[in-house]
Amino acid sequence: MSRPIRAITATVAALLLATACNSTANSNSPDSKGSSARGVTADSIKVGGIVSMTTASGYSKKDTDLGARARFDRANAEGGINGRTIDYLGAEDDGQDPAKNLAAARKLVQQDKVFAIAPMSSVTFSGADFLQKQKVPTFGWGTLPSFCGPTYIYGFGGCMVPMPGGTISQTWPEGLKNVTGGAAGRTVAILANDNDAGTFAIRTYKQSFASAGYKVTYAKASVPATSVPSDWSAYTKELLRSDGGKAPDVVVSVMQTPYNIGLFTAVKRTGFKGVLTDPTDYDPGLLAKSATKQALDGIHVLLSFAPFESSTPAMKQFKADIKKAAGGKDVPLNMHMMTGYMSADLFLSIAGKAGKDLTVASFQKAADGFSDAGTMVGDRQLPRGRKESFGCGALVQLKDGAYRVSSPFTCYEPIPFK
Amino acid sequence: MADLLAFVLSGLVSGALYALLATGLVLSYSASGLFNFAHGATAYLCALAFYELHSGFGWPAVPTALLLVLVLAPLLGWGLDRLMFRKLAGVGETAQIVATIGLLVALPALGLWTVELLDDAGAPVKPAENQFGLPGVGPSPAKNWQLLDGVGIDSDQLITWVATAVVALGLWILLRHTALGLRLRAAVDNRSLVELRGMSADRLSSVAWMLSSGLAGLAGVLATPLLGLSSHDFTLFLFVSATAAVLGRFLSVPLAFAGGLGLGVLQNLVAGYASFAERITGFRTAVPFLILFAGLLLLTRRQRTAGTAAADAPPVDYLAGRSWARRWGPWAVAGVLLAVSFYTVTTPFWSGILAQGLAISLVFMSFTVVTGLGAMVSLAQATFVTGAALVAGLLMSHGWPFLGAALAGTCAAAALGALVALPALRLGGRSLALATLALAFLADQVLFQLGWLRNGDTGWEIPRAVFGPVDLGDDRAMGVAMVVLCAAGVAALGALRGSRAGRAMLAVRSAPAAAMASGISVVRTKLLLFTVSAGLAGFGGVMYASYNTRITATDFTAMTGLIWLAVVVAAGVRRPQFAVVAGLTFAVVPHLVGDYVTESVQLPVILFGLAGLALANDPDGYCAAFSVRRHRRRAAVAAAPSEPSGTAPEPAAALQLLGVHAGYDGAPVLQGVDLTVRPGEIVALLGPNGAGKSTACKVAAGLMAPLSGRVYAAGDDATRQGAVGRSRAGVVLAPEGRGIFPSLTVDENLALQLPDRDDRSAVYERFAGLAARRDVTAGSLSGGEQQLLALAPLLHRPPRVLIADEPSLGLAPQVVEEVYRLLAELRDAGTGLLLVEEKASEILGVADTVAYLAQGRVTWCGPRDQVEAERLTDAYLGIAATGEVEEAGRS
C-alpha cells in the first residue's frame with residue numbers, strides 16, 4: 001500500500017470513529033427511556049415467541065407454539081387481561097442456532113415491538129442478555145442458565161439449573177421412593193453423556209439421590225455425546241456389576257430419548273429386573289411405534305408438571321384448550337405443548353396482577369412477590385423462581401402401551417447445592 | 001472373553017455401515033476426484049424417504065428398500081453428477097469441497113421441504129421431527145438372539161451384516177469380473193487416457209456416482225433404526241467413515257471396505273477399554289475423531305507437494321494495471337456510505353443486523369488468508385473463534401480490560417492455529433481439510449468441555465467495548481467501528497499479500513518445490529499462514545461475541561465452520577473485501593428472504609446449498625463472476641485471430657489441422673497451425689520446448705478445443721468433437737509418458753481395447769515379453785515394455801491416425817529403435833502418424849514429412865529429403881521467414 005493511500009485510509013478511519021463517538025454522546029440509546037408502553041395499546045398487548053422448530057438433529061419443539069396459542073386464545077375468549085386482548089404473533093423459529101436465536105429476539109423487540117416474549121423454548125438462548133437489557137419480560141422453560149438470575153427472564157417452573165449457592169430439586173429421588181418403597185438399602189446407578197453437561201448432571205444427581213437416602217453405586221458420564229452407540233455393552237458392563245458384583249436396584253439415565261431406547265433395551269436384554277428411570281421420555285408419540293413402546297416398557301419418567309393422565313380441572317381445561325387451538329382435532333399431547341401453555345400462563349397471571357396500567361415497570365412490580373398455588377407446575381413463587389425450581393414433579397410409568405402415574409404430582413423441599 | 005467377543009461382534013455393525021459409506025466415498029472420489037461431504041446427507045435422504053414411504057404411505061418394507069437402493073438413490077446420484085459433479089471435476093479443490101458442503105445442508109432441507117409440500121397436498125406423510133425407534137427393513141421391534149452369556153445379536157444387526165456381505169460380494173464381482181468394472185477401474189487410474197481410448201469417462205463417472213449413491217442409500221436404510229432421522233448424525237457418521245476411505249487412499253474399494261469394518265471394531269474396543277481416560281470429559285465421545293485424525297496422519301502417503309492445491313488456477317486479475325481509484329474507489333465509497341447509513345437511514349433492527357454481518361466479516365477474512373492466499377482448506381476456523389472468545393471472556397471475568405482480553409484471545413487462537421498447522425505440513429488437499437475438521441471436532445468435544453474454560457452452559461459475558469467517549473454498546477457505534485476494523489483488515493491483508501511474506505505464500509501455494517529451491521521455508525510459511533489466519537479469526541470471534549455480549553462453548557461448532565467456509569467461498573475467497581460482502585450477505589439475506597420471499601424455512605437453505613452449482617461455473621465466487629466473465633470475453637476477443645484461413649480441407653487426408661489457434665485462459669499458444677497427415681505417412685513434428693507441440697497434439701486428439709480454425713478427420717469436420725468421439729473416429733493419441741493404466745494388469749490393459757480373448761492371444765504370440773508378464777500390473781513393467789504394451793493393441797488393430805507425443809522419451813536407444821520399427825509397421829498398415837519429438841536425430845530416419853513448429857506456427861514443412869541442417873537450426877531458433885512458410889505449406 002502506498003503512502004497516500006495509507007494516509008487516506010487513516011483519515012477515513014479517524015473520521016468514522018469521530019462520527020461514532022459524537023453520536024453516542026448525543027443520541028439516546030433505544031433503551032434509555034425504558035419504552036414502557038412498547039407493544040401495549042388501549043386494547044391489546046403484543047406478545048411473540050421463540051421456539052426451535054426445524055433442526056438438523058430431527059428434534060423439534062414446535063408444539064410449544066401451539067400450547068402458547070391455546071392459552072392465549074382462552075385468555076382472549078375470556079375477555080383478555082384487564083380489558084386488553086393478547087396479540088400473539090406466533091413463534092419465530094431459531095433452528096437451534098445461537099445466531100438465529102439472538103436475531104429472533106432482536107426482530108421481535110426492535111421490529112415487531114412486542115411487550116413480552118412467551119414462550120422461549122430452545123436449546124440455546126443467546127438472546128437472553130439482549131432481552132434483559134431491553135427489559136423484555138420473557139417466559140420459557142428454565143432448563144438454561146439464562147433463566148436463573150436475570151430479572152426479566154422467567155422459567156415457567158422456576159430456574160431448573162442448580163446454581164452455586166442455589167438448591168437442587170428433590171422431585172426425582174423423592175418421587176422414586178414411591179416406586180422403590182423407600183430409599184433405605186436401595187442402590188442407584190446413574191449414567192450420562194460424556195460432555196460437560198453430562199458431568200454436571202452426574203454431579204447434581206449424585207448429591208440429590210444420596211441425600212434422599214439412596215446408595216449411589218455408579219455415576220459416570222461415559223456415553224459418547226454426539227452419536228448413539230450401536231452397542232451398549234461397553235457402557236453397561238461396569239454399571240450392571242456396580243452393586244458389589246450384581247446389578248443395582250435402580251438405573252437412572254440422564255440422557256435423551258434415542259440413547260434411552262438403546263440403553264434400556266440393552267439393560268433389559270441382560271435380564272435386569274430393577275427400576276429404570278429417565279427425565280425425557282414422556283411423549284405419548286413414543287407409544288405409536290412398536291419399537292419404542294417395547295424399549296421403554298416399564299420405565300418411570302420424571303415430569304416437572306402434572307401428568308396428562310391426572311384429571312384435575314386445570315388439566316381438563318388444558319386438554320380442551322389444546323384441542324380448540326388445534327382446530328378441533330385430537331392431537332397427541334406432549335410436554336412442548338405444556339411448556340408453551342404454562343409459559344403463557346405465567347405471563348398472563350402476572351400481567352393480570354399488574355392491573356390496568358400495564359408498563360414494564362408495573363409488570364415487574366407485580367412479578368416481585370407474585371405467588372399462587374395448585375397450578376399444573378405446582379405452587380409458583382417469585383422471585384424465588386429466579387433462583388430455584390418450584391420443586392414439584394411426578395413420575396409416570398409406561399406400561400403395556402400407556403402411561404400411568406406411578407408417583408403423583410407433589411412439591412418437595414429442595415436441598416442446598418454443594 | 002465374552003466382553004471382547006461382544007465388542008467385536010457389535011462393532012462389526014457400525015463397521016458394516018462405515019464400510020458401505022466409505023466404499024461409496026471411494027467410488028465417487030475416483031469418479032470425479034472430489035470428496036463428497038454430502039454423502040451422509042444422501043444416506044439421510046434415503047432414510048427419510050424410507051420412513052415416509054414405509055411408515056407414512058404404508059408401503060411394505062423390503063420392496064420399498066429395494067426401490068430406494070436400486071432405483072431412487074442411483075437416480076439421485078446420476079442427477080447430481082449431470083448437474084454438478086461433472087462440472088466440478090474441472091475446478092479447484094476448494095470449490096469442490098464447498099459445493100458438496102452446500103449439498104450437505106441442501107439435500108436434507110430438500111427432503112424436509114418435499115415432506116412439507118406432500119403434507120400440504122394431503123398425502124399421508126408423517127412428521128419427520130421427534131421420531132425415535134424407527135422401524136428398519138426387519139421386524140420392529142427387533143428380534144434378539146442370545147448367543148452366549150452377554151453376547152447377543154438382533155435382527156437389525158443381522159440384516160446389516162448380510163446386506164453388507166452381499167454388497168461386498170457384488171462389488172467384487174462387478175469390479176473384477178465385468179467389462180464395466182474394468183473400465184471403472186481404468187477411469188480411476190487415468191481419466192483422460194480412458195477418454196483417449198474412446199470410452200466416455202463422463203458416462204463411467206455417472207455409473208460410479210449411481211453406485212455410490214446406491215451404497216449411501218443402503219447405509220441410510222440400514223441405519224434408520226440406529227440413527228433415526230437426524231441429518232446431523234448421518235453426517236457425523238460419514239466423517240468417521242472417511243477414516244476408512246483414507247485407509248483405502250480414496251482409491252482402493254477393498255481396503256476401504258475392510259477399513260470400515262475394522263474401524264467399527266476398533267472404536268468399540270477403545271470405548272470398552274478406555275477407562276484410563278475417564279477423567280477426561282469428552283474423550284470417549286471424541287474416539288472416532290481421534291481415530292480419523294490419527295488415520296490421516298499415519299495413512300496419507302506423503303505427497304511431493306503436500307499442503308497446497310496446485311490444481312487451483314490463479315484467479316483472473318481483471319483489474320490488473322488499473323489505478324488505485326478504479327481498484328478501491330467503489331469499495332471505499334461503499335464503506336463510507338455504509339458507515340453513514342447507520343446514523344441516517346437504518347432502523348435499530350437493521351443496524352444490529354449490519355453490525356453483526358460486519359463482525360462476522362472479520363472472521364470470514366481469515367479464510368482469505370488460509371484458503372485464498374494459502375490454498376489450504378481449513379475447517380477449524382470456528383474452533384479459533386470459540387477458543388479466542390472463551391479465553392477473552394474468562395479474562396474479562398477476572399477484570400481484564402476489553403482490549404487486553406481481546407489481544408490475549410487472539411494470541412490463544414493464533415497458538416491453536418499453529419497447532420492445527422502441524423498436520424498441514426504433512427497433508428494436503430482433502431486430507432488436510434478432513435484433518436482440520438477432525439481437530440475441530442476434538443476441540444468441541446474435549447477442549448471446550450473443560451469446565452474452567454467454558455463455564456458450563458452459562459459461558460462468559462463479553463460486554464461491548466468502551467473506549468473513552470466511544471461506547472460500542474450502541475449498535476450504530478458498533479457498526480461504524482466494525483466498518484473501520486473491516487477496512488483496516490482489508491488494507492492489512494492487501495499489504496500482507498504485497499509483502500515479502502505474502503509473495504512467499506503465493507510461491508509456496510503454486511510451486512512448493514520451486515519455492516524451497518529459492519530459499520523460502522515452506523514449513524515457516526505454512527505455519528505463518530495458519531497462525532495469521534487463526535489470529536484473525538480469533539480477533540473477529542471476540543468482536544462477534546461482543547456483539548452477542550456473551551460466548552458459550554456451543555455457539556460456534558465445527559459444523560458452523562463448514563457452513564462459514566461455504567458462505568465465504570461462494571462469494572469469493574481470493575480477496576478480503578469479498579469476505580465482507582459474504583459476511584453482510586450471511587447476516588442480511590435470511591431476513592430479507594423471510595420478509596419478502598418465502599415463509600418456508602427450508603427453501604432458503606436449499607437455495608444456499610445450490611450455490612454450489614454456481615461455483616461449478618464460477619469457481620472464483622459470485623462477487624467476481626461478472627467481472628471475470630467480462631474480462632474473459634474481452635481476452636478471448638483480443639486473442640481471437642482476425643480471419644479464419646479459407647483453405648478447403650483435403651479429402652484424402654487422414655487428419656488435417658487448418659489455421660488452428662489455441663491457448664490457455666487468454667495466453668495464446670498455437671497461432672494458426674496448418675498440418676496435414678495422409679494415410680500411410682509419418683509426419684514428424686519438431687520444435688523446441690514451449691513451441692506448442694503438446695498443445696497441437698491435444699487439439700488434434702480432441703482433448704482441447706481450438707479457439708479458431710478447423711480440424712478434419714478423414715475429410716469430416718471434427719473441430720467440436722471431444723476426445724471420445726475423435727478416438728471412435730479412429731484418431732488415437734498416445735500421450736506423453738506412457739499410454740497405459742499402471743494399476744491394471746497387462747492383460748487388463750489389453751482387454752480394454754481388445755475385449756476378445758483371441759485378439760489378445762494373437763498379441764501375446766507376437767510379444768512374448770508381455771505374455772510372460774500378463775498378470776503383472778502394468779506400472780511395474782520397464783519403460784520399454786510399457787511403450788510396447790501401449791502400442792501392441794494398435795498394431796493388432798491399426799487406427800486411422802496415431803498421434804504419438806514423444807514416444808521415445810526416457811527410453812534406451814535400442815528400445816527407441818524397436819518403437820520406431822513398430823511405428824513404421826503401423827504406417828505400412830495404412831495408419832497416418834503424427835510423431836512429436838523434441839530431438840530430431842532418430843525420428844528423421846522414419847519420417848516421410850517433417851514440420852517445424854516454433855512460437856505457435858509451422859515455420860517449415862516439407863519432405864524429409866529436403867530437410868537441411870541449416871533450415872532445421874533456423875526453424876528451432878524461429879528465424880525462418882514467414883514467406884517461406886507460406887510457400888512450403890502450399891508445396
# chains A, B, ... in the order shown; residues from 1 in each chain; ligands from 1
call {"tool": "interface_residues", "arguments": {"of": "chain B", "to": "chain A", "cutoff": "6 Å", "atoms": "only C-alpha atoms", "output": "ChimeraX atom specification"}}
result
/B:10,129-130,133,140-141,229-232,272,281-282,284-285,349,449,458,469-470,477,484,495,555
call {"tool": "write_last_selection", "arguments": {"atoms": "N, CA and C atoms", "output": "mmCIF file, in the first residue's frame"}}
result
data_model
loop_
_atom_site.group_PDB
_atom_site.id
_atom_site.type_symbol
_atom_site.label_atom_id
_atom_site.label_comp_id
_atom_site.auth_asym_id
_atom_site.auth_seq_id
_atom_site.Cartn_x
_atom_site.Cartn_y
_atom_site.Cartn_z
ATOM 1 N N SER B 10 -20.547 -56.557 17.849
ATOM 2 C CA SER B 10 -21.418 -55.403 17.625
ATOM 3 C C SER B 10 -20.648 -54.268 16.975
ATOM 4 N N GLU B 129 -39.982 -34.911 12.552
ATOM 5 C CA GLU B 129 -39.299 -34.497 13.778
ATOM 6 C C GLU B 129 -39.667 -35.415 14.933
ATOM 7 N N ASN B 130 -38.786 -35.465 15.892
ATOM 8 C CA ASN B 130 -39.004 -36.208 17.139
ATOM 9 C C ASN B 130 -39.429 -37.649 16.891
ATOM 10 N N GLY B 133 -36.768 -44.707 17.499
ATOM 11 C CA GLY B 133 -37.073 -46.126 17.400
ATOM 12 C C GLY B 133 -37.781 -46.464 16.108
ATOM 13 N N SER B 140 -39.934 -54.973 13.647
ATOM 14 C CA SER B 140 -39.799 -53.912 14.640
ATOM 15 C C SER B 140 -40.819 -54.160 15.734
ATOM 16 N N PRO B 141 -40.434 -54.259 16.984
ATOM 17 C CA PRO B 141 -39.067 -54.194 17.494
ATOM 18 C C PRO B 141 -38.220 -55.391 17.041
ATOM 19 N N LEU B 229 -33.856 -40.042 12.360
ATOM 20 C CA LEU B 229 -33.912 -39.087 11.251
ATOM 21 C C LEU B 229 -33.159 -37.820 11.609
ATOM 22 N N SER B 230 -31.893 -37.985 11.965
ATOM 23 C CA SER B 230 -31.072 -36.826 12.279
ATOM 24 C C SER B 230 -30.018 -36.669 11.201
ATOM 25 N N SER B 231 -30.175 -35.652 10.360
ATOM 26 C CA SER B 231 -29.199 -35.487 9.279
ATOM 27 C C SER B 231 -27.832 -35.177 9.868
ATOM 28 N N HIS B 232 -27.837 -34.524 11.018
ATOM 29 C CA HIS B 232 -26.601 -34.223 11.716
ATOM 30 C C HIS B 232 -25.845 -35.510 12.063
ATOM 31 N N GLY B 272 -14.747 -49.569 25.036
ATOM 32 C CA GLY B 272 -14.895 -50.562 26.096
ATOM 33 C C GLY B 272 -13.755 -50.571 27.090
ATOM 34 N N THR B 281 -13.158 -35.432 30.362
ATOM 35 C CA THR B 281 -14.515 -35.314 29.828
ATOM 36 C C THR B 281 -14.459 -35.210 28.311
ATOM 37 N N GLY B 282 -15.258 -36.031 27.660
ATOM 38 C CA GLY B 282 -15.341 -35.941 26.209
ATOM 39 C C GLY B 282 -14.440 -36.905 25.480
ATOM 40 N N ARG B 284 -14.298 -40.232 25.344
ATOM 41 C CA ARG B 284 -14.984 -41.323 24.632
ATOM 42 C C ARG B 284 -15.804 -40.796 23.472
ATOM 43 N N THR B 285 -16.379 -39.618 23.673
ATOM 44 C CA THR B 285 -17.129 -39.011 22.572
ATOM 45 C C THR B 285 -16.209 -38.755 21.386
ATOM 46 N N PHE B 349 -33.167 -2.339 14.258
ATOM 47 C CA PHE B 349 -33.041 -3.761 13.927
ATOM 48 C C PHE B 349 -31.990 -3.964 12.842
ATOM 49 N N GLN B 449 -14.892 -28.701 26.531
ATOM 50 C CA GLN B 449 -15.692 -29.295 27.603
ATOM 51 C C GLN B 449 -15.039 -29.028 28.950
ATOM 52 N N THR B 458 -23.461 -21.494 30.908
ATOM 53 C CA THR B 458 -23.614 -20.048 31.071
ATOM 54 C C THR B 458 -22.647 -19.302 30.162
ATOM 55 N N PRO B 469 -14.923 8.194 24.913
ATOM 56 C CA PRO B 469 -16.309 8.594 24.623
ATOM 57 C C PRO B 469 -17.021 7.622 23.687
ATOM 58 N N VAL B 470 -16.268 6.689 23.076
ATOM 59 C CA VAL B 470 -16.910 5.785 22.115
ATOM 60 C C VAL B 470 -17.448 4.566 22.851
ATOM 61 N N ALA B 477 -22.810 2.644 16.787
ATOM 62 C CA ALA B 477 -21.379 2.865 17.020
ATOM 63 C C ALA B 477 -20.616 1.565 16.751
ATOM 64 N N VAL B 484 -14.755 0.321 10.265
ATOM 65 C CA VAL B 484 -13.359 0.743 10.345
ATOM 66 C C VAL B 484 -12.447 -0.475 10.461
ATOM 67 N N ALA B 495 -1.781 -5.451 2.212
ATOM 68 C CA ALA B 495 -0.363 -5.190 2.461
ATOM 69 C C ALA B 495 0.395 -6.503 2.620
ATOM 70 N N ASP B 555 -21.670 -22.043 20.878
ATOM 71 C CA ASP B 555 -22.140 -21.044 19.911
ATOM 72 C C ASP B 555 -21.630 -21.307 18.503
#
call {"tool": "residues_around", "arguments": {"residues": "Leu348 of chain A", "least_positions_apart": "6", "cutoff": "10 Å", "atoms": "only C-alpha atoms", "output": "list in words"}}
result
Arg71, Phe72, Ala75, Gly80, Ile81, Ile86, Ala118, Met342 and Ala354 of chain A
call {"tool": "write_last_selection", "arguments": {"atoms": "N, CA and C atoms", "output": "PDB file, in the first residue's frame"}}
result
ATOM      1  N   ARG A  71     -53.330 -21.218  25.164  1.00  0.00           N
ATOM      2  CA  ARG A  71     -53.557 -20.477  26.405  1.00  0.00           C
ATOM      3  C   ARG A  71     -53.987 -19.034  26.113  1.00  0.00           C
ATOM      4  N   PHE A  72     -53.325 -18.410  25.121  1.00  0.00           N
ATOM      5  CA  PHE A  72     -53.684 -17.022  24.784  1.00  0.00           C
ATOM      6  C   PHE A  72     -55.101 -16.949  24.212  1.00  0.00           C
ATOM      7  N   ALA A  75     -57.462 -16.928  27.010  1.00  0.00           N
ATOM      8  CA  ALA A  75     -57.464 -15.635  27.704  1.00  0.00           C
ATOM      9  C   ALA A  75     -58.278 -14.616  26.909  1.00  0.00           C
ATOM     10  N   GLY A  80     -59.760 -11.189  27.714  1.00  0.00           N
ATOM     11  CA  GLY A  80     -58.429 -10.581  27.758  1.00  0.00           C
ATOM     12  C   GLY A  80     -57.964 -10.294  29.172  1.00  0.00           C
ATOM     13  N   ILE A  81     -56.859  -9.568  29.259  1.00  0.00           N
ATOM     14  CA  ILE A  81     -56.270  -9.238  30.552  1.00  0.00           C
ATOM     15  C   ILE A  81     -56.549  -7.772  30.831  1.00  0.00           C
ATOM     16  N   ILE A  86     -54.704 -10.374  23.926  1.00  0.00           N
ATOM     17  CA  ILE A  86     -53.319 -10.705  23.622  1.00  0.00           C
ATOM     18  C   ILE A  86     -53.180 -10.841  22.112  1.00  0.00           C
ATOM     19  N   ALA A 118     -43.260 -14.897  25.091  1.00  0.00           N
ATOM     20  CA  ALA A 118     -43.699 -16.136  25.729  1.00  0.00           C
ATOM     21  C   ALA A 118     -44.310 -16.981  24.635  1.00  0.00           C
ATOM     22  N   MET A 342     -47.834 -23.243  29.771  1.00  0.00           N
ATOM     23  CA  MET A 342     -47.545 -22.718  31.109  1.00  0.00           C
ATOM     24  C   MET A 342     -46.672 -21.461  31.055  1.00  0.00           C
ATOM     25  N   ALA A 354     -50.744  -7.103  37.391  1.00  0.00           N
ATOM     26  CA  ALA A 354     -50.157  -5.770  37.189  1.00  0.00           C
ATOM     27  C   ALA A 354     -51.225  -4.691  37.047  1.00  0.00           C
TER      28      ALA A 354
END
call {"tool": "atom_distance", "arguments": {"atom1": "atom CA of Leu823 of chain B", "atom2": "atom CA of Gly725 of chain B"}}
result
23.3 Å
call {"tool": "residues_around", "arguments": {"residues": "Leu442 of chain B", "least_positions_apart": "4", "cutoff": "9 Å", "atoms": "only C-alpha atoms", "output": "list of chain:residue names"}}
result
B:Gly282, B:Phe283, B:Thr285, B:Ala286, B:Val287, B:Phe289, B:Leu290, B:Leu437, B:Ala438, B:Val446, B:Leu447, B:Phe448
call {"tool": "residues_around", "arguments": {"residues": "Val114 of chain A", "least_positions_apart": "2", "cutoff": "8 Å", "atoms": "only C-alpha atoms", "output": "PyMOL selection string"}}
result
chain A and resi 38-39+45-48+108-109+112+116-117
call {"tool": "write_last_selection", "arguments": {"atoms": "C-alpha atoms", "output": "compact mmCIF listing (two decimals), in the first residue's frame"}}
result
# COMPACT_ATOMS: atom_id res chain seq x y z
CA ARG A 38 -43.85 -0.89 23.86
CA GLY A 39 -46.39 -3.26 22.38
CA ILE A 45 -50.78 -6.50 24.25
CA LYS A 46 -48.33 -7.73 21.65
CA VAL A 47 -46.51 -10.95 22.54
CA GLY A 48 -44.09 -13.04 20.45
CA LEU A 108 -39.43 -9.31 17.97
CA VAL A 109 -38.30 -6.38 20.07
CA ASP A 112 -42.37 -6.14 15.91
CA ALA A 116 -43.14 -9.68 26.15
CA ILE A 117 -41.86 -12.97 24.77
call {"tool": "residues_around", "arguments": {"residues": "segment 191-196 of chain B", "least_positions_apart": "2", "cutoff": "10 Å", "atoms": "only C-alpha atoms", "output": "PyMOL selection string"}}
result
chain B and resi 30-33+183-189+198-202+204-205+701-703+722-728+731-735+738-741+752
call {"tool": "write_last_selection", "arguments": {"atoms": "C-alpha atoms", "output": "short mmCIF file (atom, residue, chain, number, x, y, z; two decimals), in the first residue's frame"}}
result
data_model
loop_
_atom_site.label_atom_id
_atom_site.label_comp_id
_atom_site.auth_asym_id
_atom_site.auth_seq_id
_atom_site.Cartn_x
_atom_site.Cartn_y
_atom_site.Cartn_z
CA SER B 30 -12.42 -41.92 -8.08
CA ALA B 31 -15.17 -40.89 -10.50
CA SER B 32 -14.86 -37.14 -10.10
CA GLY B 33 -11.85 -36.58 -7.89
CA ARG B 183 -13.47 -49.58 -17.34
CA LEU B 184 -14.37 -48.11 -13.99
CA ARG B 185 -11.01 -49.14 -12.63
CA ALA B 186 -9.29 -47.77 -15.70
CA ALA B 187 -11.09 -44.45 -15.24
CA VAL B 188 -9.86 -44.32 -11.63
CA ASP B 189 -6.35 -44.91 -12.86
CA GLY B 198 -12.74 -43.90 -26.87
CA MET B 199 -14.57 -44.66 -23.61
CA SER B 200 -16.71 -41.88 -22.21
CA ALA B 201 -15.29 -41.02 -18.80
CA ASP B 202 -18.40 -38.95 -18.14
CA LEU B 204 -18.33 -44.02 -16.29
CA SER B 205 -18.43 -41.22 -13.76
CA ALA B 701 -6.79 -35.59 -30.35
CA GLY B 702 -9.79 -33.54 -29.24
CA LEU B 703 -8.58 -33.01 -25.66
CA GLY B 722 -14.30 -34.37 -27.96
CA ALA B 723 -11.59 -36.90 -27.27
CA VAL B 724 -14.05 -39.78 -27.07
CA GLY B 725 -15.60 -39.07 -30.45
CA ARG B 726 -12.22 -38.43 -32.02
CA SER B 727 -10.94 -41.75 -30.74
CA ARG B 728 -14.01 -43.53 -32.02
CA VAL B 731 -7.79 -40.72 -34.28
CA VAL B 732 -5.79 -42.09 -31.34
CA LEU B 733 -3.35 -40.22 -29.14
CA ALA B 734 -0.52 -41.93 -27.30
CA PRO B 735 0.10 -39.24 -24.71
CA ARG B 738 3.14 -43.99 -21.33
CA GLY B 739 -0.34 -44.59 -22.60
CA ILE B 740 -1.13 -47.35 -20.14
CA PHE B 741 -3.11 -47.82 -16.94
CA LEU B 752 -9.77 -52.60 -22.52
#
call {"tool": "select_by_dssp", "arguments": {"residues": "segment 248-400 of chain A", "states": "alpha helix (DSSP H)", "output": "ChimeraX atom specification"}}
result
/A:257-269,290-295,313-325,335-354,360-367
call {"tool": "closest_residue", "arguments": {"among": "B:Ala625, B:Leu72, B:Val370, B:Leu53", "to": "Thr531 of chain B", "atoms": "only C-alpha atoms"}}
result
B:Val370
call {"tool": "atom_distance", "arguments": {"atom1": "atom CA of Ala91 of chain A", "atom2": "atom CA of Val51 of chain A"}}
result
5.9 Å
call {"tool": "select_by_dssp", "arguments": {"residues": "segment 715-789 of chain B", "states": "strand (DSSP E)", "output": "MDAnalysis selection string"}}
result
chainID B and resid 716:717 731:734
call {"tool": "residues_around", "arguments": {"residues": "Pro706 of chain B", "least_positions_apart": "5", "cutoff": "8 Å", "atoms": "only C-alpha atoms", "output": "PyMOL selection string"}}
result
chain B and resi 660-663+699+719
call {"tool": "atom_distance", "arguments": {"atom1": "atom CA of Leu21 of chain B", "atom2": "atom CA of Ala216 of chain B"}}
result
5.8 Å
call {"tool": "closest_residue", "arguments": {"among": "A:Leu296, A:Val331, A:Val250, A:Ala402", "to": "Thr265 of chain A", "atoms": "only C-alpha atoms"}}
result
A:Leu296
call {"tool": "residues_around", "arguments": {"residues": "Glu413 of chain A", "least_positions_apart": "3", "cutoff": "12 Å", "atoms": "only C-alpha atoms", "output": "ChimeraX atom specification"}}
result
/A:167-175,208,212,379,388-393,410,416
call {"tool": "write_last_selection", "arguments": {"atoms": "C-alpha atoms", "output": "CSV table (one decimal), in the first residue's frame"}}
result
chain,number,residue,atom,x,y,z
A,167,THR,CA,-30.6,-25.6,45.5
A,168,ILE,CA,-31.4,-28.9,43.9
A,169,SER,CA,-34.9,-30.1,43.3
A,170,GLN,CA,-35.6,-33.4,45.0
A,171,THR,CA,-38.6,-34.4,42.9
A,172,TRP,CA,-36.8,-37.3,41.2
A,173,PRO,CA,-35.4,-39.2,44.2
A,174,GLU,CA,-38.4,-38.4,46.4
A,175,GLY,CA,-40.9,-39.4,43.8
A,208,SER,CA,-29.6,-35.5,45.0
A,212,ALA,CA,-32.6,-38.7,49.7
A,379,ASP,CA,-47.0,-23.6,43.7
A,388,GLU,CA,-34.6,-22.4,42.1
A,389,SER,CA,-37.3,-24.5,40.6
A,390,PHE,CA,-40.7,-24.7,42.2
A,391,GLY,CA,-39.7,-28.2,43.1
A,392,CYS,CA,-42.8,-30.1,42.0
A,393,GLY,CA,-43.0,-33.2,39.9
A,410,THR,CA,-46.2,-33.3,44.5
A,416,PRO,CA,-28.8,-26.8,49.1
call {"tool": "closest_residue", "arguments": {"among": "B:Arg500, B:Ala491, B:Ala587, B:Ala271", "to": "Ser351 of chain B", "atoms": "only C-alpha atoms"}}
result
B:Ala587
